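Read through the structure below, which is laid out as structure tokens, and then see the notes.
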Amino acid sequence: MARVTTSYTHVDLDGDYGDVEGVAVTCDRCGHTEEAFGTSESSLRSCAVRLKENCPRGENNYYVID
């Protein structure tokens, strides 16, 4: 399992009742991005898990969020 760095930004996501603060985490290796509602550490971890589950290259990486 390779350790892969990521970058993240704060974004506005469409919620049921308007815009909601969220985060977008992007894989520095391939550029794939996952989004999550909220701006906490758990939201960032959720994105990292989804990057692993939805990797377009089918890789089984460990994603590091700085």
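Residue numbering restarts at 1 in every chain; chains get A, B, ... in the order shown in the structure tokens, and ligands count up from 1 in that same order.
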Find the residues near stretch 41-44 of chain A: any atom within 8 Å, counting only C-alpha atoms, skip ones fewer than 5 places away on the same chain, and give them as a CSV table (one decimal) with N, CA and C atoms, in the first residue's frame.
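Wrote result-v1.csv, looks like this:
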chain,number,residue,atom,x,y,z
A,22,GLY,N,-18.2,22.6,3.0
A,22,GLY,CA,-17.6,21.3,2.9
A,22,GLY,C,-16.2,21.4,2.5
A,23,VAL,N,-15.6,20.2,2.3
A,23,VAL,CA,-14.2,20.1,1.9
A,23,VAL,C,-14.1,19.2,0.6
A,25,VAL,N,-11.1,17.0,-1.3
A,25,VAL,CA,-9.7,16.4,-1.1
A,25,VAL,C,-9.4,15.8,-2.5
A,36,ALA,N,-17.0,16.1,0.8
A,36,ALA,CA,-17.7,15.8,2.0
A,36,ALA,C,-18.3,17.0,2.6
A,65,ILE,N,-3.4,13.4,4.5
A,65,ILE,CA,-3.9,14.8,4.5
A,65,ILE,C,-3.1,15.6,5.4
### Task
Please report, as a PyMOL selection string, each residue of stretch 5-66 of chain A to which DSSP assigns strand (DSSP E) when run on this structure's backbone.
chain A and resi 5-15+18-27+33-37+62-65
### Query
Quick one: residues within 12 Å of A:Arg3, only C-alpha atoms counted, chain neighbours fewer than 2 positions away excluded, as a ChimeraX atom specification?
/A:1,5-6,27-29,48,52,59-65
If you keep all heavy atoms, can you produce a file of those selected residues as a short mmCIF file (atom, residue, chain, number, x, y, z; two decimals), in the first residue's frame?
data_model
loop_
_atom_site.label_atom_id
_atom_site.label_comp_id
_atom_site.auth_asym_id
_atom_site.auth_seq_id
_atom_site.Cartn_x
_atom_site.Cartn_y
_atom_site.Cartn_z
N MET A 1 0.86 -1.17 0.00
CA MET A 1 0.00 0.00 0.00
C MET A 1 0.91 1.23 0.00
O MET A 1 1.72 1.41 0.89
CB MET A 1 -0.91 -0.02 1.22
CG MET A 1 -1.84 1.14 1.28
SD MET A 1 -2.98 1.21 2.70
CE MET A 1 -3.43 -0.44 3.01
N THR A 5 0.13 11.63 -1.04
CA THR A 5 -0.24 12.93 -0.48
C THR A 5 -1.48 13.47 -1.18
O THR A 5 -1.79 13.10 -2.32
CB THR A 5 0.90 13.94 -0.61
OG1 THR A 5 1.23 14.10 -1.98
CG2 THR A 5 2.12 13.49 0.19
N THR A 6 -2.17 14.34 -0.46
CA THR A 6 -3.38 14.96 -1.00
C THR A 6 -3.34 16.46 -0.70
O THR A 6 -2.54 16.92 0.11
CB THR A 6 -4.64 14.37 -0.36
OG1 THR A 6 -4.61 14.63 1.04
CG2 THR A 6 -4.78 12.89 -0.61
N CYS A 27 -6.36 13.83 -4.80
CA CYS A 27 -5.18 12.98 -4.84
C CYS A 27 -4.10 13.70 -5.64
O CYS A 27 -4.32 14.10 -6.79
CB CYS A 27 -5.53 11.64 -5.50
SG CYS A 27 -4.10 10.58 -5.83
N ASP A 28 -2.91 13.86 -5.04
CA ASP A 28 -1.81 14.53 -5.74
C ASP A 28 -1.21 13.67 -6.84
O ASP A 28 -0.50 14.18 -7.71
CB ASP A 28 -0.72 14.94 -4.74
CG ASP A 28 -1.16 16.07 -3.82
OD1 ASP A 28 -2.14 16.77 -4.15
OD2 ASP A 28 -0.51 16.24 -2.77
N ARG A 29 -1.49 12.38 -6.84
CA ARG A 29 -0.94 11.49 -7.85
C ARG A 29 -1.75 11.52 -9.15
O ARG A 29 -1.20 11.67 -10.23
CB ARG A 29 -0.88 10.05 -7.33
CG ARG A 29 -0.27 9.09 -8.33
CD ARG A 29 -0.21 7.68 -7.81
NE ARG A 29 0.86 7.59 -6.83
CZ ARG A 29 1.12 6.50 -6.14
NH1 ARG A 29 0.38 5.43 -6.28
NH2 ARG A 29 2.11 6.47 -5.27
N ALA A 48 -10.74 10.93 2.44
CA ALA A 48 -9.59 10.04 2.22
C ALA A 48 -10.05 8.60 2.03
O ALA A 48 -9.54 7.88 1.16
CB ALA A 48 -8.61 10.14 3.39
N LYS A 52 -9.77 6.19 -1.47
CA LYS A 52 -9.29 4.81 -1.53
C LYS A 52 -10.33 3.90 -2.19
O LYS A 52 -10.00 3.08 -3.04
CB LYS A 52 -8.98 4.31 -0.13
CG LYS A 52 -8.42 2.91 -0.09
CD LYS A 52 -8.06 2.52 1.33
CE LYS A 52 -7.48 1.13 1.36
NZ LYS A 52 -7.07 0.74 2.70
N GLU A 59 -6.13 1.48 -7.50
CA GLU A 59 -5.04 1.31 -6.55
C GLU A 59 -5.57 1.26 -5.12
O GLU A 59 -6.64 1.76 -4.82
CB GLU A 59 -4.03 2.46 -6.69
CG GLU A 59 -3.37 2.50 -8.05
CD GLU A 59 -2.47 3.70 -8.24
OE1 GLU A 59 -2.42 4.56 -7.33
OE2 GLU A 59 -1.80 3.78 -9.28
N ASN A 60 -4.80 0.65 -4.24
CA ASN A 60 -5.17 0.52 -2.83
C ASN A 60 -4.18 1.36 -2.01
O ASN A 60 -3.27 0.83 -1.40
CB ASN A 60 -5.13 -0.95 -2.41
CG ASN A 60 -5.66 -1.14 -1.02
OD1 ASN A 60 -6.41 -0.33 -0.50
ND2 ASN A 60 -5.26 -2.23 -0.40
N ASN A 61 -4.36 2.68 -2.03
CA ASN A 61 -3.41 3.61 -1.41
C ASN A 61 -3.87 4.06 -0.03
O ASN A 61 -5.04 3.98 0.32
CB ASN A 61 -3.24 4.85 -2.30
CG ASN A 61 -2.68 4.52 -3.65
OD1 ASN A 61 -1.75 3.74 -3.76
ND2 ASN A 61 -3.24 5.11 -4.69
N TYR A 62 -2.90 4.56 0.75
CA TYR A 62 -3.17 5.23 2.02
C TYR A 62 -2.99 6.72 1.75
O TYR A 62 -1.89 7.16 1.38
CB TYR A 62 -2.19 4.74 3.09
CG TYR A 62 -2.36 5.48 4.40
CD1 TYR A 62 -3.40 5.15 5.26
CD2 TYR A 62 -1.50 6.50 4.75
CE1 TYR A 62 -3.58 5.83 6.45
CE2 TYR A 62 -1.67 7.18 5.95
CZ TYR A 62 -2.70 6.84 6.78
OH TYR A 62 -2.88 7.52 7.96
N TYR A 63 -4.04 7.49 1.90
CA TYR A 63 -4.02 8.91 1.57
C TYR A 63 -3.71 9.76 2.80
O TYR A 63 -4.36 9.64 3.82
CB TYR A 63 -5.35 9.33 0.94
CG TYR A 63 -5.54 8.67 -0.40
CD1 TYR A 63 -6.23 7.48 -0.52
CD2 TYR A 63 -4.99 9.23 -1.54
CE1 TYR A 63 -6.37 6.85 -1.75
CE2 TYR A 63 -5.13 8.62 -2.78
CZ TYR A 63 -5.82 7.44 -2.87
OH TYR A 63 -5.96 6.82 -4.08
N VAL A 64 -2.68 10.59 2.68
CA VAL A 64 -2.21 11.44 3.75
C VAL A 64 -2.73 12.85 3.52
O VAL A 64 -2.53 13.42 2.45
CB VAL A 64 -0.67 11.46 3.80
CG1 VAL A 64 -0.18 12.37 4.92
CG2 VAL A 64 -0.11 10.07 3.94
N ILE A 65 -3.41 13.40 4.54
CA ILE A 65 -3.92 14.76 4.45
C ILE A 65 -3.11 15.64 5.39
O ILE A 65 -3.05 15.38 6.59
CB ILE A 65 -5.42 14.81 4.83
CG1 ILE A 65 -6.22 13.92 3.89
CG2 ILE A 65 -5.93 16.24 4.80
CD1 ILE A 65 -7.66 13.77 4.27
#
### Task
Go ahead and compute the interatomic distance for atom CA of A:Cys30 and atom CA of A:Asn54, in Å to one decimal.
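Going from atom CA of A:Cys30 over to atom CA of A:Asn54 covers 12.1 Å.
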### Message
Run DSSP on the backbone and tell me which residues of chain A come out as helix (DSSP H, G or I); list them as a ChimeraX atom specification.
### Response
/A:41-53
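Across the model, the gap from atom CA of A:Ala24 to atom CA of A:Val11 is 6.6 Å.
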